[in-house]
Amino acid sequence: MEGWDPNTKSTLTQIPLLTTKAGPRDGAAWTQRLKEEYKALIAYTQMNKSNDNDWFRISAANPEGTRWIGKCWYIHNLLKYEFDLQFDIPVTYPSTAPELELPELDGKTQKMYRGGKICLTIHFKPLWAKNCPRFGIAHALCLGLAPWLAAEVPILVDSGMIKHKDDTTSTSES
């Protein structure tokens, strides 16, 4: 955590670390891991809300907890840009981090792979590998998606690649 800004360090230390090393194929151990994932997500969400920094909603899309869907948003120039968020838990999880997807941004930035998967290889994947199995979904959102949104959304807005929902509505009404 050396070299991180104090705010990131403070946020990260408040997200509970996970202890169960289990993936979707591990039966009861996976159920235990999911419980830990939910606890970490709840803690991270509550912390964000208490700091007036609420920026995502996610939930498991299936009972097994292997598919997740939701919304994330970023405020730029006092305007809220909201995106669909989805990801699957890899069968090799937690050794392999989930690939976070923002499908509607697919093809709009070079820092994205096919299908809207955000690029996390250079900075995040080594960090994930170093902290396996203690990191989970909440950590992926905090250290992967949040910085990606902060870096990419302003560029996408300023370049005209994405427009605020009010701009697109008023343009289509003309």
# chains A, B, ... in the order shown; residues from 1 in each chain; ligands from 1
>>> residues_around(residues="A:Arg33", least_positions_apart="4", cutoff="9 Å", atoms="only C-alpha atoms", output="ChimeraX atom specification")
/A:18-23,28-29,37-38
>>> write_last_selection(atoms="N, CA and C atoms", output="short mmCIF file (atom, residue, chain, number, x, y, z; two decimals), in the first residue's frame")
data_model
loop_
_atom_site.label_atom_id
_atom_site.label_comp_id
_atom_site.auth_asym_id
_atom_site.auth_seq_id
_atom_site.Cartn_x
_atom_site.Cartn_y
_atom_site.Cartn_z
N LEU A 18 -11.07 -10.98 2.96
CA LEU A 18 -11.73 -12.27 2.94
C LEU A 18 -10.72 -13.36 3.33
N THR A 19 -11.23 -14.44 3.87
CA THR A 19 -10.33 -15.50 4.34
C THR A 19 -10.51 -16.83 3.60
N THR A 20 -11.70 -17.07 3.08
CA THR A 20 -11.98 -18.35 2.43
C THR A 20 -11.47 -18.34 1.00
N LYS A 21 -10.58 -19.27 0.68
CA LYS A 21 -10.08 -19.40 -0.69
C LYS A 21 -10.93 -20.44 -1.40
N ALA A 22 -11.98 -19.97 -2.06
CA ALA A 22 -12.89 -20.88 -2.74
C ALA A 22 -13.50 -20.21 -3.96
N GLY A 23 -13.76 -21.01 -4.97
CA GLY A 23 -14.39 -20.53 -6.19
C GLY A 23 -15.73 -21.22 -6.40
N ALA A 28 -19.66 -25.99 -0.56
CA ALA A 28 -19.92 -25.29 0.70
C ALA A 28 -18.89 -24.20 0.97
N ALA A 29 -17.67 -24.41 0.54
CA ALA A 29 -16.64 -23.39 0.73
C ALA A 29 -16.98 -22.14 -0.08
N GLU A 37 -18.01 -12.22 0.82
CA GLU A 37 -18.12 -11.22 -0.25
C GLU A 37 -19.23 -10.21 0.07
N TYR A 38 -20.38 -10.74 0.48
CA TYR A 38 -21.51 -9.86 0.81
C TYR A 38 -21.17 -8.94 1.99
#
>>> residues_around(residues="stretch 39-42 of chain A", least_positions_apart="4", cutoff="10 Å", atoms="only C-alpha atoms", output="PyMOL selection string")
chain A and resi 14-18+33-35+46-48+57-59+135-139+141
>>> closest_residue(among="A:Leu105, A:Leu100, A:Val91, A:Ala43", to="A:Lys117", atoms="only C-alpha atoms")
A:Leu100
>>> residues_around(residues="A:Thr66", least_positions_apart="4", cutoff="9 Å", atoms="only C-alpha atoms", output="list in words")
Pro24, Ala60, Ala61, Asn62, Phe87, Asp88, Ile89, Pro90 and Val91 of chain A
>>> select_by_dssp(residues="chain A", states="helix (DSSP H, G or I)", output="PyMOL selection string")
chain A and resi 6-14+28-50+103-105+124-130+137-158+165-173
>>> select_by_dssp(residues="stretch 1-97 of chain A", states="strand (DSSP E)", output="MDAnalysis selection string")
chainID A and resid 56:60 67:76 79:88
>>> atom_distance(atom1="atom CA of A:Pro63", atom2="atom CA of A:Thr92")
18.6 Å
>>> residues_around(residues="stretch 121-129 of chain A", least_positions_apart="4", cutoff="12 Å", atoms="only C-alpha atoms", output="ChimeraX atom specification")
/A:1,93-100,111-113,117,133-148
>>> write_last_selection(atoms="N, CA and C atoms", output="mmCIF file, in the first residue's frame")
data_model
loop_
_atom_site.group_PDB
_atom_site.id
_atom_site.type_symbol
_atom_site.label_atom_id
_atom_site.label_comp_id
_atom_site.auth_asym_id
_atom_site.auth_seq_id
_atom_site.Cartn_x
_atom_site.Cartn_y
_atom_site.Cartn_z
ATOM 1 N N MET A 1 0.823 -1.192 0.000
ATOM 2 C CA MET A 1 0.000 0.000 0.000
ATOM 3 C C MET A 1 0.867 1.256 0.000
ATOM 4 N N TYR A 93 -11.606 -18.289 -9.709
ATOM 5 C CA TYR A 93 -11.701 -17.284 -8.647
ATOM 6 C C TYR A 93 -11.422 -17.951 -7.305
ATOM 7 N N PRO A 94 -10.760 -17.340 -6.383
ATOM 8 C CA PRO A 94 -10.270 -15.974 -6.342
ATOM 9 C C PRO A 94 -8.864 -15.772 -6.902
ATOM 10 N N SER A 95 -8.258 -16.819 -7.459
ATOM 11 C CA SER A 95 -6.926 -16.637 -8.056
ATOM 12 C C SER A 95 -6.983 -15.674 -9.241
ATOM 13 N N THR A 96 -8.106 -15.677 -9.946
ATOM 14 C CA THR A 96 -8.312 -14.799 -11.089
ATOM 15 C C THR A 96 -9.361 -13.758 -10.725
ATOM 16 N N ALA A 97 -9.050 -12.498 -10.960
ATOM 17 C CA ALA A 97 -9.993 -11.411 -10.674
ATOM 18 C C ALA A 97 -11.137 -11.427 -11.684
ATOM 19 N N PRO A 98 -12.321 -10.973 -11.281
ATOM 20 C CA PRO A 98 -13.414 -10.870 -12.250
ATOM 21 C C PRO A 98 -13.103 -9.783 -13.279
ATOM 22 N N GLU A 99 -13.611 -9.974 -14.497
ATOM 23 C CA GLU A 99 -13.453 -8.972 -15.547
ATOM 24 C C GLU A 99 -14.696 -8.098 -15.551
ATOM 25 N N LEU A 100 -14.547 -6.878 -15.086
ATOM 26 C CA LEU A 100 -15.668 -5.952 -14.946
ATOM 27 C C LEU A 100 -16.046 -5.399 -16.313
ATOM 28 N N LYS A 111 -8.874 1.669 -23.507
ATOM 29 C CA LYS A 111 -8.634 0.969 -22.246
ATOM 30 C C LYS A 111 -9.792 0.036 -21.928
ATOM 31 N N MET A 112 -10.158 -0.754 -22.941
ATOM 32 C CA MET A 112 -11.288 -1.653 -22.811
ATOM 33 C C MET A 112 -11.098 -2.799 -23.803
ATOM 34 N N TYR A 113 -11.572 -3.968 -23.408
ATOM 35 C CA TYR A 113 -11.513 -5.120 -24.288
ATOM 36 C C TYR A 113 -12.891 -5.366 -24.882
ATOM 37 N N LYS A 117 -15.269 -5.006 -21.477
ATOM 38 C CA LYS A 117 -14.464 -5.355 -20.298
ATOM 39 C C LYS A 117 -13.380 -4.296 -20.117
ATOM 40 N N PRO A 133 -6.044 -14.801 -1.363
ATOM 41 C CA PRO A 133 -7.488 -14.702 -1.588
ATOM 42 C C PRO A 133 -8.170 -13.601 -0.767
ATOM 43 N N ARG A 134 -7.389 -12.685 -0.213
ATOM 44 C CA ARG A 134 -7.969 -11.691 0.699
ATOM 45 C C ARG A 134 -8.827 -10.652 -0.006
ATOM 46 N N PHE A 135 -8.560 -10.401 -1.294
ATOM 47 C CA PHE A 135 -9.366 -9.445 -2.042
ATOM 48 C C PHE A 135 -10.587 -10.122 -2.627
ATOM 49 N N GLY A 136 -11.663 -9.359 -2.744
ATOM 50 C CA GLY A 136 -12.906 -9.861 -3.321
ATOM 51 C C GLY A 136 -13.545 -8.817 -4.218
ATOM 52 N N ILE A 137 -14.830 -8.973 -4.448
ATOM 53 C CA ILE A 137 -15.574 -8.103 -5.356
ATOM 54 C C ILE A 137 -15.472 -6.638 -4.925
ATOM 55 N N ALA A 138 -15.637 -6.358 -3.650
ATOM 56 C CA ALA A 138 -15.571 -4.971 -3.167
ATOM 57 C C ALA A 138 -14.206 -4.358 -3.468
ATOM 58 N N HIS A 139 -13.165 -5.131 -3.333
ATOM 59 C CA HIS A 139 -11.816 -4.640 -3.616
ATOM 60 C C HIS A 139 -11.640 -4.390 -5.118
ATOM 61 N N ALA A 140 -12.233 -5.262 -5.941
ATOM 62 C CA ALA A 140 -12.170 -5.065 -7.397
ATOM 63 C C ALA A 140 -12.866 -3.767 -7.791
ATOM 64 N N LEU A 141 -13.976 -3.472 -7.139
ATOM 65 C CA LEU A 141 -14.683 -2.226 -7.430
ATOM 66 C C LEU A 141 -13.866 -1.021 -6.956
ATOM 67 N N CYS A 142 -13.335 -1.110 -5.751
ATOM 68 C CA CYS A 142 -12.583 -0.007 -5.147
ATOM 69 C C CYS A 142 -11.275 0.283 -5.882
ATOM 70 N N LEU A 143 -10.517 -0.744 -6.192
ATOM 71 C CA LEU A 143 -9.186 -0.559 -6.764
ATOM 72 C C LEU A 143 -9.122 -0.759 -8.276
ATOM 73 N N GLY A 144 -10.217 -1.256 -8.851
ATOM 74 C CA GLY A 144 -10.254 -1.486 -10.291
ATOM 75 C C GLY A 144 -11.209 -0.543 -11.000
ATOM 76 N N LEU A 145 -12.489 -0.678 -10.687
ATOM 77 C CA LEU A 145 -13.503 0.107 -11.394
ATOM 78 C C LEU A 145 -13.474 1.583 -11.034
ATOM 79 N N ALA A 146 -13.358 1.925 -9.771
ATOM 80 C CA ALA A 146 -13.392 3.339 -9.366
ATOM 81 C C ALA A 146 -12.282 4.159 -10.031
ATOM 82 N N PRO A 147 -11.019 3.713 -9.982
ATOM 83 C CA PRO A 147 -9.983 4.499 -10.653
ATOM 84 C C PRO A 147 -10.158 4.522 -12.173
ATOM 85 N N TRP A 148 -10.678 3.427 -12.744
ATOM 86 C CA TRP A 148 -10.896 3.384 -14.185
ATOM 87 C C TRP A 148 -11.932 4.432 -14.581
#
>>> closest_residue(among="A:Asp5, A:Glu82, A:Glu101, A:Asp26", to="A:Lys163", atoms="only C-alpha atoms")
A:Glu82
>>> atom_distance(atom1="atom CA of A:Ser159", atom2="atom CA of A:Ile69")
27.7 Å
>>> closest_residue(among="A:Gly27, A:Ile162, A:Tyr74, A:Gly65", to="A:Glu104", atoms="only C-alpha atoms")
A:Ile162
